[in-house]
Amino acid sequence: MLCSVALNPLAQVIFVALVALCSRAYYAQTLSRSAENDTEACTSGCQYGKRGSGLKYSDADVDMNNYQIPENWDEAAIVEAMTVGDGWWHLKGVFSPRDVEMARERIYHHNKADKAIKQIANHASQDEKHNNFNGMVWALFNKGKIFEKLAQHPVVMNVSNIILGENSAVSSLAANTVLPGNGGQLPHLDYPYYRMQLPSSNPHILDTAPALSLQFVTLLTDFNSGNGGTAFRPNSHHQPRYPDDKEDFYKHAIQVSGKAGDMIMFHGALQHCAMPNRSKNMRTGILQHMAPVYIKPFEAMYDGVNDEIKAKATMGLKRLLAIEHPYPMLKQ
């Protein structure tokens with residue numbers, strides 16, 4: 001069952017104030033376009049951008065000061081669910097259709113998903129599809145301003161502040177597109193709860209440990225049981241254990257459905273997996289992994305971001321990349 005909590009008037013006032021504060025503090029910066037970015041398009045409405053990219057939207061079309069209030073935003077309920085509750089939350093209507101379209105356009109530009117889906121429609125072989133398509137897109141901060149906006153949503157910042165700490169940082173930011181016919185994942189935990197890093201001699205040491213990561217999945221297409229929406233084993237994060245018995249996992253798991261623009265949040269130690277895509281459509285989402293600042297990030301986020309983006313970084317982006325974090329003390 002999906003969580004559903006009505007947004008009361010007080011919660012709405014608080015959220016609007018939070019967005020306004022973030023807008024003033026984090027995003028008081030003039031939007032600019034990079035002439036060197038080969039994914040850059042011309043102004044809104046153009047059919048073809050710079051270097052023939054074919055993008056409809058440019059960085060100038062991204063409104064960093066405009067976030068919509070999710071339908072079921074309830075800070076206290078979300079924090080409780082992610083920590084002492086089931087371990088996950090489905091937040092509805094986090095991003096507008098326009099923001100979703102801009103992000104999806106950029107992702108498909110880089111992973112060529114539209115071309116791959118046409119190959120399937122033209123009865124290309126399964127071997128060709130799997131050998132020639134990689135749905136992952138990494139280094140999203142370098143792929144367009146829209147990903148800076150999505151990553152800095154007040155929901156992500158606020159929930160991370162409370163659960164992981166006010167200096168928590170982005171550990172990974174990537175997008176994944178799953179084609180029709182692609183299989184699912186084995187049940188697993190997210191970094192840093194990987195099997196090789198869990199204490200083997202005394203696994204119970206983690207039972208009362210603070211959260212070491214959170215995952216924020218932004219749905220850029222609908223997720224449902226047909227196209228392989230994520231499956232969770234509720235409450236499994238209370239005792240972080242690797243789900244070696246996959247049949248036991250599936251027996252107790254539930255599968256999530258949601259609409260494009262929604263966000264699925266869950267504790268990194270929650271047992272989960274993506275299910276097989278048995279539909280005729282692609283499934284695409286952005287995976288934003290957040291961790292306390294003292295955890296070594298999954299990706300070398302700071303090193304992987306272009307220097308010109310770091311030089312113009314908002315306060316929010318500086319926090320996400322831990323740009324002003326003082327450690328390690330000795331740096332090159």
# chains A, B, ... in the order shown; residues from 1 in each chain; ligands from 1
>>> residues_around(residues="range 140-149 of chain A", least_positions_apart="4", cutoff="6 Å", atoms="only C-alpha atoms", output="ChimeraX atom specification")
/A:59,62,64
>>> closest_atom_pairs(of="range 187-217 of chain A", to="range 230-241 of chain A", cutoff="8 Å", atoms="only C-alpha atoms", output="JSON lines")
{"residue": "A:Tyr193", "atom": "CA", "partner": "A:Pro240", "partner_atom": "CA", "distance": 7.5}
{"residue": "A:Pro203", "atom": "CA", "partner": "A:Arg241", "partner_atom": "CA", "distance": 7.6}
{"residue": "A:His204", "atom": "CA", "partner": "A:Gln239", "partner_atom": "CA", "distance": 7.2}
{"residue": "A:Leu206", "atom": "CA", "partner": "A:Pro240", "partner_atom": "CA", "distance": 6.6}
{"residue": "A:Asp207", "atom": "CA", "partner": "A:Gln239", "partner_atom": "CA", "distance": 4.9}
{"residue": "A:Thr208", "atom": "CA", "partner": "A:His238", "partner_atom": "CA", "distance": 7.8}
>>> closest_residue(among="A:Ile78, A:Leu330, A:Val178, A:Leu320", to="Asn277 in chain A", atoms="only C-alpha atoms")
A:Val178
>>> atom_distance(atom1="CA of Tyr242 in chain A", atom2="CA of Met265 in chain A")
19.5 Å
>>> atom_distance(atom1="CA of Trp73 in chain A", atom2="CA of Met157 in chain A")
13.7 Å
>>> atom_distance(atom1="CA of Leu164 in chain A", atom2="CA of Cys273 in chain A")
22.7 Å
>>> residues_around(residues="Lys246 in chain A", least_positions_apart="6", cutoff="10 Å", atoms="only C-alpha atoms", output="VMD selection string")
chain A and resid 186 to 188
>>> residues_around(residues="Ala175 in chain A", least_positions_apart="5", cutoff="12 Å", atoms="only C-alpha atoms", output="VMD selection string")
chain A and resid 103 to 108 110 to 111 113 134 to 141 143 147 150 to 151 216 to 221 283 to 289
>>> select_by_dssp(residues="range 197-292 of chain A", states="alpha helix (DSSP H)", output="list of chain:residue names")
A:Lys246, A:Glu247, A:Asp248, A:Phe249, A:Tyr250, A:Lys251, A:His252
>>> closest_residue(among="A:Met275, A:Leu212, A:Leu55, A:Ile69", to="Gly93 in chain A", atoms="only C-alpha atoms")
A:Ile69
>>> select_by_dssp(residues="range 97-250 of chain A", states="strand (DSSP E or B)", output="MDAnalysis selection string")
chainID A and resid 136:137 169:178 188 214:219 223 231:232
>>> residues_around(residues="Val79 in chain A", least_positions_apart="2", cutoff="10 Å", atoms="only C-alpha atoms", output="PyMOL selection string")
chain A and resi 74-77+81-85+87-89+158-160+162-163
